[in-house]
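Working notes for the structure below.
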Amino acid sequence: MTSRSLELAEPTQGKQGNIGLATTARAPERKPTAAPMVLRGLTKRWRKDLPLVLDDLSLTLEPGTITWVGGRNGVGKTTMLRVAAGLIDPDSGRAEVWGVSAHAHRVRYQQLVSFLPAGDRGLYARLTVRRQLEFWARICLVPRKTFRSTVDHAIDTFDLRELADRRVDRLSMGQRQRLRIAMTFLPCPEVVLLDEPMTSLDTESGVLLQAAVAEVLSREGAILWCSPSGEHLDLEFDAKWQIEQGRLIAA
Amino acid sequence: MSAPIESIYAFFAVLRRDLHVYLSYRTRMVSQLLTTVFSITLFYYVSKLVHISGFKTHNSYFGFVVVGIALIGVIYSCFSLPELFRQELVAGTFDRLLLSPFGAVRSIIAMTLFPLINAFFVASLTLALACLLYGLHLHWSTVPLSVPAVGLALLAFMPFGLLFAALTVVVKQGSIGATWVIALLTIIGGLYFPVALLPHWVQTASKLQPFTPATNVLRHLLVDSPVPGGSVASSLLRMAGFAAVLLPVSLFVLSRSIRFSQRRGTIIEY
């Protein structure tokens, strides 16, 4: 593990116009001073009578790095990821990807970030694996020219060829998780947020996930991996953090 | 290729997804067919039993009520959106739609397509079976005009589904209210019997929604019923007015309800 990749966020001068990501392009025009992802001063409280889940939490993911965030159940890992993904708003603070915020440029932001939620939800039980991936590629606005190759790449990368015509409700939990991960990586995101991705995965599937992670890192993207414990295959994290009382502390 | 084209593909992807899910339940189509046959059979014999003032023959009431039955399916399809949306919330698929570049609002609008097309198909089937089995006389010269009229009616009805979907986003329930509204509309919209038979204040209430003019126009175009209290043009104008006002309002409310739930963090609840 190295600490080169992680430092508390410095304010960036991110103007969305400088990013210049065409809605169908794969790689954004990166602003030199911007990082793949910056979480700046995130604060979130579910109810007034409850303690803060996130307390001025800041984190910067540098290009080509993988960061692990751990902590006990209910400590705020998933909340942090949901805010980073743009699913829920923080009470204060903001999340940016290459200087783009979710609320200023929602479509761009969602093209840059991909989120794998924990659990086994988010699949259409009555669709086949291939139709699920095709649907997801369309919803991700994958360009028509690369649509077929993108879906095939996802099928091959996650070894889903034999399962392609099988309905989701007839898959095992591990196979479903593999499909969920394939959907997460399908649109070639710049930043991937993984919430307990190893759930139900066998060793072989874990290796496939590891390869997909390496692919994102090789194109100078970033991975944020959250799980309660730090045992994950042979992955070498560039930084490891724990959430305690809503703040990040070095693990 | 520009993003708008990909957005159109995404719209059709939602439609195709819903078609695949529908076809994966193999008995659903048979069930729809049988329900249609039972409904028109029931009202064919009811029309023979009862005499309703304003209808010269039992066949004229049968034509009146068959168009009403066909429209009920269309109304149901508009109000099915909150339930479909709730299923997405429970399955966790709405999170994915919300976090996709296509986005939540466009996805919800796209989700209305398949139920509406299906309802249009079932309505056509209802009329066809009524013709074949019970000799319903359609006014063929104006039947083609009913297609654009149905399109306008759908635009006028759709906001109700979108508003109930917005309600579901916030309170996680919407289908119960939708069921009550459908029951109310079948009465004040004059789907089973003429509005003229209802108390005066109910007749006034029936003017405050687009279902009554839609029913009147379609009855006129399909079975040549007179349009009560006005012309076809005025009924079409009323429908267009409802669509022009309610569609932007419902889309705004839906969009705000999603943002509201994201700010509160309740968008993840179901």
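We name chains A, B, ... following the order of the structure tokens; residues begin at 1 in each chain, and ligands are numbered from 1 as shown.
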Can you tell me which residues surround Phe260 (chain B) at a distance of at most 9 Å, considering only C-alpha atoms, apart from same-chain residues fewer than 6 positions away, and format the answer as a ChimeraX atom specification? /B:170,266-267
Rows by chain and residue number, chain B within 7 Å of chain A, shortest pair, only C-alpha atoms, as CSV:
```
residue,atom,partner,partner_atom,distance
B:Met1,CA,A:Pro143,CA,6.9
B:Ala3,CA,A:Thr23,CA,6.0
B:Glu6,CA,A:Leu141,CA,5.3
B:Ser7,CA,A:Leu141,CA,6.5
B:Tyr9,CA,A:Arg138,CA,6.4
B:Ala10,CA,A:Arg138,CA,4.9
B:Ala13,CA,A:Phe135,CA,5.8
B:His20,CA,A:Leu127,CA,6.9
B:Val21,CA,A:Arg126,CA,5.6
B:Ser24,CA,A:Arg126,CA,6.6
B:Ala91,CA,A:Arg121,CA,5.8
B:Gly92,CA,A:Gly122,CA,4.3
B:Thr93,CA,A:Gly122,CA,4.1
B:Arg96,CA,A:Gly122,CA,6.6
B:Leu99,CA,A:Gln110,CA,6.0
B:Ser100,CA,A:Cys140,CA,5.6
B:Pro101,CA,A:Val107,CA,4.7
B:Phe102,CA,A:Ile139,CA,5.3
B:Gln262,CA,A:Ile88,CA,4.4
B:Arg263,CA,A:Asp89,CA,4.8
B:Gly265,CA,A:Ile88,CA,5.2
```
Minimum-distance residue to Val143 (chain B), chosen among B:Val249, B:Leu127, B:Met239, B:Cys78 (using only C-alpha atoms): B:Leu127
Quick one: everything within 9 Å of Phe62 (chain B), counting only C-alpha atoms, minus sequence neighbours fewer than 5 positions away in the same chain. Send it as a list in words.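 So the residues in contact are Ile40, Phe43, Tyr44, Tyr45, Val46, Ser47, Lys48, Thr57, Val67 and Leu136 of chain B.
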Output N, CA and C atoms for every residue in that selection, as a short mmCIF file (atom, residue, chain, number, x, y, z; two decimals), in the first residue's frame.
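Everything below was put into selection-v4.cif:
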```
data_model
loop_
_atom_site.label_atom_id
_atom_site.label_comp_id
_atom_site.auth_asym_id
_atom_site.auth_seq_id
_atom_site.Cartn_x
_atom_site.Cartn_y
_atom_site.Cartn_z
N ILE B 40 -67.42 -7.95 -22.04
CA ILE B 40 -68.38 -7.56 -23.08
C ILE B 40 -69.59 -8.49 -23.10
N PHE B 43 -71.94 -7.25 -20.31
CA PHE B 43 -72.68 -6.02 -20.64
C PHE B 43 -73.59 -6.21 -21.86
N TYR B 44 -73.31 -7.18 -22.68
CA TYR B 44 -74.23 -7.48 -23.78
C TYR B 44 -75.58 -7.93 -23.21
N TYR B 45 -75.52 -8.82 -22.20
CA TYR B 45 -76.77 -9.31 -21.63
C TYR B 45 -77.40 -8.30 -20.69
N VAL B 46 -76.59 -7.50 -20.01
CA VAL B 46 -77.15 -6.41 -19.20
C VAL B 46 -77.90 -5.45 -20.11
N SER B 47 -77.32 -5.15 -21.26
CA SER B 47 -77.98 -4.21 -22.17
C SER B 47 -79.30 -4.76 -22.70
N LYS B 48 -79.43 -6.08 -22.73
CA LYS B 48 -80.69 -6.69 -23.17
C LYS B 48 -81.75 -6.62 -22.06
N THR B 57 -82.44 1.59 -28.51
CA THR B 57 -82.39 0.13 -28.54
C THR B 57 -81.34 -0.38 -27.55
N VAL B 67 -67.53 1.00 -25.63
CA VAL B 67 -66.50 2.05 -25.76
C VAL B 67 -66.00 2.45 -24.36
N LEU B 136 -71.76 -5.73 -32.74
CA LEU B 136 -71.65 -4.27 -32.54
C LEU B 136 -71.42 -3.58 -33.89
#
```
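Distance check against Arg264 (chain B) using only C-alpha atoms: of A:Lys48, A:Gly246, A:Asp156, A:Ala214, the minimum falls on A:Lys48.
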Nearest to Leu194 (chain A), restricted to only C-alpha atoms and choosing among A:Arg166, A:Lys77, A:Arg148, A:His105, comes out as A:Lys77
Pick out each residue of region 60-194 of chain A that DSSP on the backbone tags as strand (DSSP E); I need them as a short mmCIF file (atom, residue, chain, number, x, y, z; two decimals) with N, CA and C atoms, in the first residue's frame.
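Saved to out-v3.cif:
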```cif
data_model
loop_
_atom_site.label_atom_id
_atom_site.label_comp_id
_atom_site.auth_asym_id
_atom_site.auth_seq_id
_atom_site.Cartn_x
_atom_site.Cartn_y
_atom_site.Cartn_z
N THR A 60 -9.98 12.58 -1.61
CA THR A 60 -9.64 12.78 -3.02
C THR A 60 -9.11 11.47 -3.60
N LEU A 61 -9.67 11.07 -4.71
CA LEU A 61 -9.17 9.89 -5.41
C LEU A 61 -8.31 10.37 -6.58
N THR A 65 -5.69 5.07 -9.12
CA THR A 65 -5.54 4.56 -7.75
C THR A 65 -6.80 3.84 -7.29
N ILE A 66 -6.59 2.96 -6.34
CA ILE A 66 -7.71 2.26 -5.71
C ILE A 66 -7.64 2.51 -4.21
N THR A 67 -8.75 2.92 -3.67
CA THR A 67 -8.82 3.31 -2.26
C THR A 67 -9.84 2.43 -1.55
N TRP A 68 -9.45 1.97 -0.37
CA TRP A 68 -10.38 1.16 0.44
C TRP A 68 -10.87 1.97 1.62
N VAL A 69 -12.17 1.92 1.85
CA VAL A 69 -12.75 2.55 3.05
C VAL A 69 -13.52 1.47 3.80
N GLY A 70 -13.14 1.28 5.06
CA GLY A 70 -13.80 0.26 5.88
C GLY A 70 -14.47 0.88 7.08
N SER A 92 -24.40 19.25 3.58
CA SER A 92 -23.45 20.25 3.07
C SER A 92 -22.27 19.52 2.44
N GLY A 93 -21.46 20.25 1.71
CA GLY A 93 -20.35 19.62 1.00
C GLY A 93 -20.77 19.23 -0.40
N ARG A 94 -19.80 18.72 -1.16
CA ARG A 94 -20.15 18.33 -2.53
C ARG A 94 -19.21 17.24 -3.04
N ALA A 95 -19.69 16.54 -4.04
CA ALA A 95 -18.87 15.51 -4.71
C ALA A 95 -18.63 15.98 -6.14
N GLU A 96 -17.41 15.80 -6.62
CA GLU A 96 -17.07 16.19 -7.99
C GLU A 96 -16.28 15.07 -8.65
N VAL A 97 -16.52 14.90 -9.94
CA VAL A 97 -15.72 13.96 -10.74
C VAL A 97 -15.08 14.77 -11.85
N VAL A 100 -16.59 18.01 -12.24
CA VAL A 100 -18.01 18.08 -12.59
C VAL A 100 -18.83 17.67 -11.37
N SER A 101 -19.81 18.48 -11.01
CA SER A 101 -20.69 18.10 -9.89
C SER A 101 -21.98 17.48 -10.44
N VAL A 113 -19.28 8.32 -13.57
CA VAL A 113 -19.29 7.52 -12.33
C VAL A 113 -20.18 6.31 -12.47
N SER A 114 -19.75 5.20 -11.90
CA SER A 114 -20.61 4.02 -11.85
C SER A 114 -20.60 3.46 -10.44
N PHE A 115 -21.74 3.02 -9.98
CA PHE A 115 -21.91 2.63 -8.57
C PHE A 115 -22.48 1.23 -8.50
N LEU A 116 -21.80 0.37 -7.74
CA LEU A 116 -22.33 -0.96 -7.46
C LEU A 116 -22.86 -0.94 -6.02
N VAL A 191 -14.77 6.65 -12.75
CA VAL A 191 -14.72 6.36 -11.31
C VAL A 191 -15.72 5.26 -11.00
N VAL A 192 -15.26 4.23 -10.29
CA VAL A 192 -16.15 3.13 -9.93
C VAL A 192 -16.26 3.06 -8.41
N LEU A 193 -17.49 3.08 -7.93
CA LEU A 193 -17.75 3.01 -6.50
C LEU A 193 -18.30 1.62 -6.19
N LEU A 194 -17.59 0.87 -5.40
CA LEU A 194 -17.97 -0.52 -5.14
C LEU A 194 -18.33 -0.70 -3.67
#
```
Enumerate as a VMD selection string all residues of region 9-243 of chain B assigned to alpha helix (DSSP H) by DSSP on the backbone, naming them with the chain letters and numbers the document uses. chain B and resid 9 to 24 28 to 49 58 to 79 81 to 91 93 to 98 104 to 111 113 to 134 146 to 171 175 to 188 200 to 206 211 to 223 232 to 243
